[in-house]
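J.: Contents of coords11.cif (mmCIF, N, CA and C atoms) are given next:
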```cif
data_target
loop_
_atom_site.label_atom_id
_atom_site.label_comp_id
_atom_site.auth_asym_id
_atom_site.auth_seq_id
_atom_site.Cartn_x
_atom_site.Cartn_y
_atom_site.Cartn_z
N LYS A 1 52.60 -38.96 -33.46
CA LYS A 1 53.10 -38.70 -32.13
C LYS A 1 53.33 -37.20 -31.92
N LEU A 2 53.98 -36.55 -32.89
CA LEU A 2 54.21 -35.11 -32.77
C LEU A 2 52.91 -34.34 -32.75
N TYR A 3 51.93 -34.80 -33.55
CA TYR A 3 50.65 -34.10 -33.55
C TYR A 3 49.96 -34.24 -32.20
N GLN A 4 50.06 -35.39 -31.59
CA GLN A 4 49.48 -35.60 -30.26
C GLN A 4 50.14 -34.68 -29.25
N GLN A 5 51.45 -34.49 -29.36
CA GLN A 5 52.15 -33.57 -28.46
C GLN A 5 51.65 -32.14 -28.67
N SER A 6 51.46 -31.76 -29.92
CA SER A 6 50.93 -30.43 -30.23
C SER A 6 49.53 -30.25 -29.63
N LEU A 7 48.71 -31.29 -29.77
CA LEU A 7 47.36 -31.25 -29.20
C LEU A 7 47.41 -31.11 -27.68
N ASN A 8 48.32 -31.82 -27.06
CA ASN A 8 48.47 -31.74 -25.61
C ASN A 8 48.87 -30.32 -25.17
N ILE A 9 49.74 -29.68 -25.93
CA ILE A 9 50.15 -28.31 -25.61
C ILE A 9 48.96 -27.37 -25.74
N ALA A 10 48.23 -27.49 -26.84
CA ALA A 10 47.05 -26.64 -27.04
C ALA A 10 46.03 -26.86 -25.94
N ASP A 11 45.87 -28.11 -25.52
CA ASP A 11 44.92 -28.43 -24.44
C ASP A 11 45.37 -27.80 -23.13
N ARG A 12 46.64 -27.89 -22.83
CA ARG A 12 47.14 -27.29 -21.59
C ARG A 12 46.96 -25.76 -21.59
N LEU A 13 47.23 -25.14 -22.72
CA LEU A 13 47.04 -23.69 -22.81
C LEU A 13 45.58 -23.32 -22.61
N ALA A 14 44.70 -24.06 -23.27
CA ALA A 14 43.26 -23.78 -23.16
C ALA A 14 42.77 -23.98 -21.73
N GLN A 15 43.30 -24.98 -21.05
CA GLN A 15 42.89 -25.23 -19.66
C GLN A 15 43.49 -24.19 -18.71
N ALA A 16 44.71 -23.77 -19.00
CA ALA A 16 45.38 -22.81 -18.12
C ALA A 16 44.70 -21.44 -18.17
N GLU A 17 44.19 -21.09 -19.35
CA GLU A 17 43.53 -19.79 -19.50
C GLU A 17 42.22 -19.97 -20.26
N PRO A 18 41.19 -20.49 -19.57
CA PRO A 18 39.92 -20.79 -20.24
C PRO A 18 39.20 -19.56 -20.79
N ASP A 19 39.56 -18.38 -20.33
CA ASP A 19 38.92 -17.16 -20.84
C ASP A 19 39.52 -16.68 -22.15
N ARG A 20 40.60 -17.29 -22.58
CA ARG A 20 41.25 -16.91 -23.84
C ARG A 20 40.59 -17.66 -24.99
N ALA A 21 39.74 -16.98 -25.72
CA ALA A 21 39.03 -17.61 -26.84
C ALA A 21 40.00 -18.07 -27.92
N ASP A 22 41.13 -17.38 -28.07
CA ASP A 22 42.10 -17.80 -29.10
C ASP A 22 42.70 -19.16 -28.76
N TYR A 23 42.92 -19.43 -27.49
CA TYR A 23 43.44 -20.76 -27.10
C TYR A 23 42.38 -21.83 -27.33
N GLN A 24 41.12 -21.49 -27.03
CA GLN A 24 40.03 -22.44 -27.26
C GLN A 24 39.89 -22.73 -28.75
N ARG A 25 40.03 -21.69 -29.57
CA ARG A 25 39.92 -21.86 -31.03
C ARG A 25 41.08 -22.72 -31.54
N ASP A 26 42.28 -22.47 -31.05
CA ASP A 26 43.44 -23.28 -31.47
C ASP A 26 43.21 -24.76 -31.13
N LEU A 27 42.68 -25.01 -29.94
CA LEU A 27 42.40 -26.39 -29.55
C LEU A 27 41.32 -27.00 -30.43
N SER A 28 40.30 -26.22 -30.74
CA SER A 28 39.23 -26.68 -31.61
C SER A 28 39.77 -27.09 -32.98
N ILE A 29 40.61 -26.23 -33.56
CA ILE A 29 41.19 -26.52 -34.87
C ILE A 29 42.09 -27.75 -34.79
N SER A 30 42.78 -27.93 -33.69
CA SER A 30 43.61 -29.13 -33.52
C SER A 30 42.76 -30.39 -33.54
N TYR A 31 41.63 -30.35 -32.85
CA TYR A 31 40.72 -31.52 -32.88
C TYR A 31 40.15 -31.74 -34.27
N GLN A 32 39.88 -30.65 -34.99
CA GLN A 32 39.39 -30.78 -36.37
C GLN A 32 40.43 -31.51 -37.22
N ARG A 33 41.65 -31.07 -37.15
CA ARG A 33 42.71 -31.67 -37.97
C ARG A 33 42.96 -33.12 -37.58
N LEU A 34 42.94 -33.39 -36.29
CA LEU A 34 43.10 -34.77 -35.84
C LEU A 34 41.95 -35.63 -36.34
N GLY A 35 40.74 -35.12 -36.26
CA GLY A 35 39.58 -35.85 -36.75
C GLY A 35 39.69 -36.16 -38.23
N MET A 36 40.16 -35.20 -39.01
CA MET A 36 40.31 -35.42 -40.45
C MET A 36 41.40 -36.45 -40.74
N CYS A 37 42.45 -36.46 -39.92
CA CYS A 37 43.48 -37.51 -40.07
C CYS A 37 42.86 -38.88 -39.82
N PHE A 38 42.04 -38.98 -38.78
CA PHE A 38 41.38 -40.26 -38.50
C PHE A 38 40.44 -40.66 -39.64
N VAL A 39 39.76 -39.69 -40.24
CA VAL A 39 38.91 -39.99 -41.39
C VAL A 39 39.75 -40.61 -42.50
N GLU A 40 40.87 -39.98 -42.80
CA GLU A 40 41.75 -40.48 -43.87
C GLU A 40 42.28 -41.88 -43.57
N LEU A 41 42.45 -42.19 -42.30
CA LEU A 41 42.95 -43.51 -41.90
C LEU A 41 41.83 -44.54 -41.78
N GLY A 42 40.59 -44.11 -41.97
CA GLY A 42 39.46 -45.02 -41.87
C GLY A 42 39.09 -45.37 -40.44
N ARG A 43 39.50 -44.55 -39.51
CA ARG A 43 39.22 -44.79 -38.09
C ARG A 43 38.02 -43.93 -37.67
N SER A 44 36.84 -44.40 -38.07
CA SER A 44 35.61 -43.61 -37.96
C SER A 44 35.25 -43.23 -36.53
N GLU A 45 35.39 -44.15 -35.60
CA GLU A 45 35.00 -43.86 -34.22
C GLU A 45 35.87 -42.75 -33.63
N GLU A 46 37.18 -42.83 -33.87
CA GLU A 46 38.08 -41.80 -33.36
C GLU A 46 37.85 -40.48 -34.09
N ALA A 47 37.55 -40.56 -35.38
CA ALA A 47 37.24 -39.35 -36.15
C ALA A 47 36.01 -38.66 -35.56
N ALA A 48 34.96 -39.42 -35.31
CA ALA A 48 33.73 -38.85 -34.77
C ALA A 48 33.98 -38.20 -33.41
N THR A 49 34.76 -38.85 -32.56
CA THR A 49 35.05 -38.30 -31.24
C THR A 49 35.81 -36.99 -31.35
N SER A 50 36.84 -36.96 -32.17
CA SER A 50 37.65 -35.75 -32.34
C SER A 50 36.83 -34.61 -32.95
N LEU A 51 36.01 -34.95 -33.94
CA LEU A 51 35.21 -33.91 -34.59
C LEU A 51 34.10 -33.39 -33.69
N GLU A 52 33.56 -34.24 -32.82
CA GLU A 52 32.57 -33.76 -31.85
C GLU A 52 33.22 -32.81 -30.84
N LEU A 53 34.46 -33.11 -30.43
CA LEU A 53 35.18 -32.19 -29.55
C LEU A 53 35.43 -30.87 -30.26
N HIS A 54 35.78 -30.95 -31.53
CA HIS A 54 35.95 -29.75 -32.35
C HIS A 54 34.66 -28.93 -32.35
N LEU A 55 33.52 -29.59 -32.55
CA LEU A 55 32.24 -28.89 -32.58
C LEU A 55 31.94 -28.24 -31.24
N GLN A 56 32.13 -28.95 -30.14
CA GLN A 56 31.82 -28.38 -28.83
C GLN A 56 32.66 -27.14 -28.55
N LEU A 57 33.94 -27.21 -28.90
CA LEU A 57 34.80 -26.03 -28.71
C LEU A 57 34.43 -24.90 -29.66
N ALA A 58 34.06 -25.24 -30.89
CA ALA A 58 33.65 -24.21 -31.85
C ALA A 58 32.39 -23.50 -31.37
N ILE A 59 31.49 -24.24 -30.75
CA ILE A 59 30.28 -23.63 -30.19
C ILE A 59 30.67 -22.64 -29.08
N GLU A 60 31.57 -23.05 -28.20
CA GLU A 60 32.00 -22.17 -27.11
C GLU A 60 32.64 -20.89 -27.64
N VAL A 61 33.52 -21.05 -28.63
CA VAL A 61 34.19 -19.88 -29.21
C VAL A 61 33.16 -18.98 -29.90
N TYR A 62 32.23 -19.58 -30.63
CA TYR A 62 31.18 -18.81 -31.31
C TYR A 62 30.35 -18.02 -30.30
N GLN A 63 30.02 -18.62 -29.18
CA GLN A 63 29.22 -17.93 -28.17
C GLN A 63 29.97 -16.73 -27.60
N ARG A 64 31.27 -16.84 -27.51
CA ARG A 64 32.07 -15.73 -26.99
C ARG A 64 32.32 -14.66 -28.05
N LEU A 65 32.48 -15.10 -29.30
CA LEU A 65 32.90 -14.19 -30.38
C LEU A 65 31.94 -14.25 -31.56
N SER A 66 30.65 -14.25 -31.28
CA SER A 66 29.65 -14.53 -32.31
C SER A 66 29.71 -13.59 -33.52
N GLY A 67 30.23 -12.40 -33.36
CA GLY A 67 30.30 -11.49 -34.49
C GLY A 67 31.53 -11.65 -35.35
N GLN A 68 32.49 -12.43 -34.89
CA GLN A 68 33.73 -12.58 -35.64
C GLN A 68 33.58 -13.62 -36.74
N VAL A 69 34.02 -13.26 -37.92
CA VAL A 69 33.88 -14.12 -39.09
C VAL A 69 34.52 -15.48 -38.86
N ASP A 70 35.73 -15.52 -38.32
CA ASP A 70 36.41 -16.81 -38.10
C ASP A 70 35.60 -17.73 -37.20
N ALA A 71 35.01 -17.18 -36.16
CA ALA A 71 34.22 -17.99 -35.23
C ALA A 71 32.99 -18.56 -35.92
N VAL A 72 32.35 -17.77 -36.77
CA VAL A 72 31.16 -18.23 -37.50
C VAL A 72 31.54 -19.32 -38.49
N VAL A 73 32.59 -19.09 -39.26
CA VAL A 73 33.01 -20.07 -40.27
C VAL A 73 33.48 -21.36 -39.59
N ASP A 74 34.23 -21.23 -38.50
CA ASP A 74 34.68 -22.42 -37.77
C ASP A 74 33.49 -23.26 -37.31
N LEU A 75 32.47 -22.62 -36.79
CA LEU A 75 31.28 -23.35 -36.33
C LEU A 75 30.57 -24.00 -37.51
N ALA A 76 30.45 -23.29 -38.61
CA ALA A 76 29.81 -23.87 -39.81
C ALA A 76 30.57 -25.10 -40.30
N ILE A 77 31.89 -25.01 -40.30
CA ILE A 77 32.71 -26.15 -40.72
C ILE A 77 32.53 -27.31 -39.75
N ALA A 78 32.53 -27.03 -38.46
CA ALA A 78 32.37 -28.09 -37.46
C ALA A 78 31.02 -28.79 -37.60
N LEU A 79 29.99 -28.01 -37.83
CA LEU A 79 28.66 -28.61 -38.02
C LEU A 79 28.65 -29.52 -39.24
N HIS A 80 29.26 -29.06 -40.32
CA HIS A 80 29.31 -29.85 -41.54
C HIS A 80 30.13 -31.13 -41.36
N LEU A 81 31.29 -31.01 -40.74
CA LEU A 81 32.16 -32.18 -40.58
C LEU A 81 31.55 -33.24 -39.67
N THR A 82 30.80 -32.81 -38.67
CA THR A 82 30.19 -33.78 -37.76
C THR A 82 28.89 -34.34 -38.32
N ALA A 83 28.35 -33.71 -39.34
CA ALA A 83 27.06 -34.15 -39.90
C ALA A 83 27.11 -35.58 -40.41
N GLY A 84 28.23 -35.98 -40.97
CA GLY A 84 28.36 -37.31 -41.53
C GLY A 84 28.37 -38.43 -40.51
N PHE A 85 28.54 -38.08 -39.24
CA PHE A 85 28.63 -39.09 -38.19
C PHE A 85 27.37 -39.16 -37.33
N ASN A 86 26.34 -38.41 -37.71
CA ASN A 86 25.15 -38.31 -36.86
C ASN A 86 23.87 -38.50 -37.65
N ASP A 87 22.82 -38.84 -36.93
CA ASP A 87 21.51 -39.00 -37.54
C ASP A 87 20.90 -37.67 -37.97
N ASP A 88 21.39 -36.59 -37.39
CA ASP A 88 20.83 -35.27 -37.69
C ASP A 88 21.65 -34.55 -38.77
N ARG A 89 22.13 -35.30 -39.74
CA ARG A 89 22.98 -34.77 -40.81
C ARG A 89 22.35 -33.56 -41.50
N ASP A 90 21.10 -33.70 -41.94
CA ASP A 90 20.44 -32.62 -42.67
C ASP A 90 20.31 -31.37 -41.81
N GLU A 91 19.99 -31.55 -40.54
CA GLU A 91 19.84 -30.41 -39.64
C GLU A 91 21.16 -29.68 -39.44
N ARG A 92 22.24 -30.44 -39.22
CA ARG A 92 23.54 -29.80 -39.02
C ARG A 92 24.00 -29.08 -40.29
N ASN A 93 23.79 -29.69 -41.44
CA ASN A 93 24.18 -29.03 -42.69
C ASN A 93 23.33 -27.78 -42.93
N GLN A 94 22.06 -27.82 -42.55
CA GLN A 94 21.21 -26.64 -42.68
C GLN A 94 21.70 -25.53 -41.76
N GLN A 95 22.06 -25.88 -40.53
CA GLN A 95 22.59 -24.87 -39.61
C GLN A 95 23.87 -24.26 -40.16
N SER A 96 24.71 -25.09 -40.73
CA SER A 96 25.95 -24.62 -41.34
C SER A 96 25.66 -23.64 -42.47
N ARG A 97 24.73 -24.01 -43.35
CA ARG A 97 24.33 -23.15 -44.47
C ARG A 97 23.82 -21.80 -43.96
N GLU A 98 22.97 -21.84 -42.96
CA GLU A 98 22.36 -20.62 -42.44
C GLU A 98 23.42 -19.67 -41.87
N LEU A 99 24.38 -20.21 -41.14
CA LEU A 99 25.46 -19.37 -40.60
C LEU A 99 26.24 -18.69 -41.73
N LEU A 100 26.57 -19.46 -42.74
CA LEU A 100 27.37 -18.93 -43.85
C LEU A 100 26.57 -17.94 -44.69
N GLU A 101 25.27 -18.18 -44.84
CA GLU A 101 24.44 -17.27 -45.63
C GLU A 101 24.33 -15.89 -45.00
N VAL A 102 24.38 -15.82 -43.68
CA VAL A 102 24.36 -14.52 -43.01
C VAL A 102 25.62 -13.74 -43.37
N LEU A 103 26.77 -14.42 -43.33
CA LEU A 103 28.02 -13.75 -43.71
C LEU A 103 28.01 -13.36 -45.19
N GLU A 104 27.45 -14.23 -46.01
CA GLU A 104 27.37 -13.94 -47.44
C GLU A 104 26.51 -12.69 -47.69
N ALA A 105 25.39 -12.61 -47.01
CA ALA A 105 24.49 -11.46 -47.17
C ALA A 105 25.17 -10.16 -46.74
N ASP A 106 26.04 -10.26 -45.74
CA ASP A 106 26.78 -9.09 -45.25
C ASP A 106 28.07 -8.85 -46.04
N GLN A 107 28.31 -9.69 -47.04
CA GLN A 107 29.53 -9.63 -47.86
C GLN A 107 30.79 -9.76 -47.02
N ARG A 108 30.73 -10.67 -46.04
CA ARG A 108 31.88 -10.90 -45.16
C ARG A 108 32.34 -12.36 -45.22
N LEU A 109 31.83 -13.13 -46.16
CA LEU A 109 32.15 -14.55 -46.24
C LEU A 109 33.49 -14.76 -46.95
N PRO A 110 34.49 -15.33 -46.26
CA PRO A 110 35.78 -15.57 -46.90
C PRO A 110 35.69 -16.72 -47.92
N GLY A 111 36.71 -16.84 -48.74
CA GLY A 111 36.70 -17.82 -49.84
C GLY A 111 36.44 -19.25 -49.41
N HIS A 112 37.09 -19.71 -48.32
CA HIS A 112 36.87 -21.10 -47.90
C HIS A 112 35.45 -21.29 -47.37
N GLY A 113 34.87 -20.26 -46.79
CA GLY A 113 33.47 -20.33 -46.36
C GLY A 113 32.53 -20.37 -47.55
N GLN A 114 32.86 -19.60 -48.59
CA GLN A 114 32.03 -19.60 -49.80
C GLN A 114 32.07 -20.97 -50.48
N ALA A 115 33.25 -21.58 -50.50
CA ALA A 115 33.38 -22.91 -51.11
C ALA A 115 32.51 -23.93 -50.37
N LEU A 116 32.52 -23.87 -49.04
CA LEU A 116 31.69 -24.78 -48.26
C LEU A 116 30.21 -24.50 -48.53
N LEU A 117 29.84 -23.24 -48.54
CA LEU A 117 28.44 -22.88 -48.80
C LEU A 117 28.00 -23.37 -50.18
N ASP A 118 28.84 -23.21 -51.17
CA ASP A 118 28.50 -23.69 -52.51
C ASP A 118 28.29 -25.21 -52.51
N ASN A 119 29.16 -25.93 -51.82
CA ASN A 119 29.01 -27.39 -51.72
C ASN A 119 27.74 -27.78 -50.98
N LEU A 120 27.43 -27.09 -49.91
CA LEU A 120 26.21 -27.39 -49.16
C LEU A 120 24.97 -27.14 -50.00
N ARG A 121 24.99 -26.07 -50.76
CA ARG A 121 23.85 -25.78 -51.63
C ARG A 121 23.73 -26.83 -52.73
N ARG A 122 24.84 -27.22 -53.30
CA ARG A 122 24.84 -28.25 -54.35
C ARG A 122 24.31 -29.56 -53.79
N ASP A 123 24.77 -29.93 -52.60
CA ASP A 123 24.28 -31.16 -51.96
C ASP A 123 22.78 -31.09 -51.68
N GLN A 124 22.32 -29.93 -51.24
CA GLN A 124 20.89 -29.75 -50.94
C GLN A 124 20.08 -29.88 -52.22
N ASP A 125 20.55 -29.27 -53.29
CA ASP A 125 19.82 -29.30 -54.56
C ASP A 125 19.78 -30.70 -55.16
N SER A 126 20.81 -31.51 -54.89
CA SER A 126 20.87 -32.86 -55.50
C SER A 126 20.28 -33.95 -54.60
N SER A 127 19.97 -33.61 -53.36
CA SER A 127 19.43 -34.65 -52.46
C SER A 127 17.93 -34.82 -52.70
N PRO A 128 17.46 -36.05 -52.55
CA PRO A 128 16.01 -36.28 -52.71
C PRO A 128 15.24 -35.55 -51.63
N ARG A 129 14.12 -35.01 -52.00
CA ARG A 129 13.27 -34.29 -51.03
C ARG A 129 12.57 -35.30 -50.13
N ARG A 130 12.60 -35.00 -48.84
CA ARG A 130 11.92 -35.87 -47.87
C ARG A 130 10.58 -35.26 -47.53
N GLU A 131 9.59 -36.12 -47.40
CA GLU A 131 8.28 -35.63 -46.98
C GLU A 131 8.26 -35.50 -45.48
N LYS A 132 7.60 -34.45 -45.02
CA LYS A 132 7.56 -34.23 -43.56
C LYS A 132 6.23 -34.62 -43.02
#
```
Please, can you express the file's structure as structure tokens?

T.:
Amino acid sequence: KLYQQSLNIADRLAQAEPDRADYQRDLSISYQRLGMCFVELGRSEEAATSLELHLQLAIEVYQRLSGQVDAVVDLAIALHLTAGFNDDRDERNQQSRELLEVLEADQRLPGHGQALLDNLRRDQDSSPRREK
């Protein structure tokens, strides 16, 4: 209940000032956390909905702040988290890897981004190759 109230506040702030990317990012992260709570509770449909909202907001923030490390990492995380709920799992994980690899090449990838990139690479290396 308290988390829902927090989400409502973040939503109102984001709606009141749509040009504030920080409010949009806060709302995006709130949807991410809510989605992960639903995952833990086994509520897949609600998790998918919350994580898709997280992705849509992360895309908007990335488009506004594409050079900022946080915006890039947030989008990569959103792509990865939503990958498990969609048929385009491999494509979303590839997009996530590509975003993180750019930061890695520039030596701007933070620790949590590096951990995700390492996991994505490990998953790619261990997955069976598909013929195209």

J.: Report as a list in words the full result of the PyMOL selection byres ((chain A and resi 94-108) around 7) when it is applied to this structure.

T.: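 Selected by the PyMOL selection byres ((chain A and resi 94-108) around 7) here: Val69, Val72, Val73, Leu75, Ala76, Ile77, Leu79, His80, Arg89, Asp90, Glu91, Arg92, Asn93, Leu109, Pro110, Gly113, Leu117, Leu120 and Arg121 of chain A.
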
J.: If the PyMOL selection byres (((chain A and resi 55 and name CA) around 9) and name CA) were run on this exact file, what residues would it hold? Put them as a list in words.

T.: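 So the PyMOL selection byres (((chain A and resi 55 and name CA) around 9) and name CA) ends up selecting Ser28, Tyr31, Gln32, Ser50, Leu51, Glu52, Leu53, His54, Gln56, Leu57, Ala58, Ile59, Glu60, Asp74, Leu75, Ile77, Ala78, Leu79, Leu81 and Thr82 of chain A.
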
J.: So how many Å separate atom N of Gln4 of chain A and atom CA of Leu34 of chain A, to one decimal?

T.: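 Computing the Euclidean distance for atom N of Gln4 of chain A and atom CA of Leu34 of chain A yields 8.2 Å.
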
J.: I need the residue nearest Asn86 of chain A from this list: A:Gln114, A:Gln63, A:Thr49, A:Gln15. Use only C-alpha atoms for the distance.

T.: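 Checking each candidate against Asn86 of chain A, we get A:Thr49 as the closest.
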
J.: Among the residues of chain A, find those DSSP assigns to helix (DSSP H, G or I) from the backbone and print them as a VMD selection string.

T.: chain A and resid 2 to 16 21 to 40 44 to 64 69 to 83 89 to 105 111 to 126

J.: In Å to one decimal, how far is atom CA of Asp87 of chain A from atom CA of Asp26 of chain A?

T.: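 Between these atoms lies a distance of 27.7 Å.
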
J.: With only N, CA and C atoms as the basis for distance, which of A:Ala71, A:Ala83, A:Cys37, A:Leu27 is at the shortest distance from Ala14 of chain A?

T.: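 The shortest atom-to-atom distance to Ala14 of chain A comes from A:Leu27.
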
J.: Take atom N of Gln68 of chain A and atom C of Ile9 of chain A and report the distance between them in Å, one decimal.

T.: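 Atom C of Ile9 of chain A lies 24.0 Å from atom N of Gln68 of chain A.
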
J.: Quick one: of A:Gln24, A:Gly84, A:Asn8, A:Leu65, who's nearest to Glu45 of chain A, counting only C-alpha atoms?

T.: A:Gly84
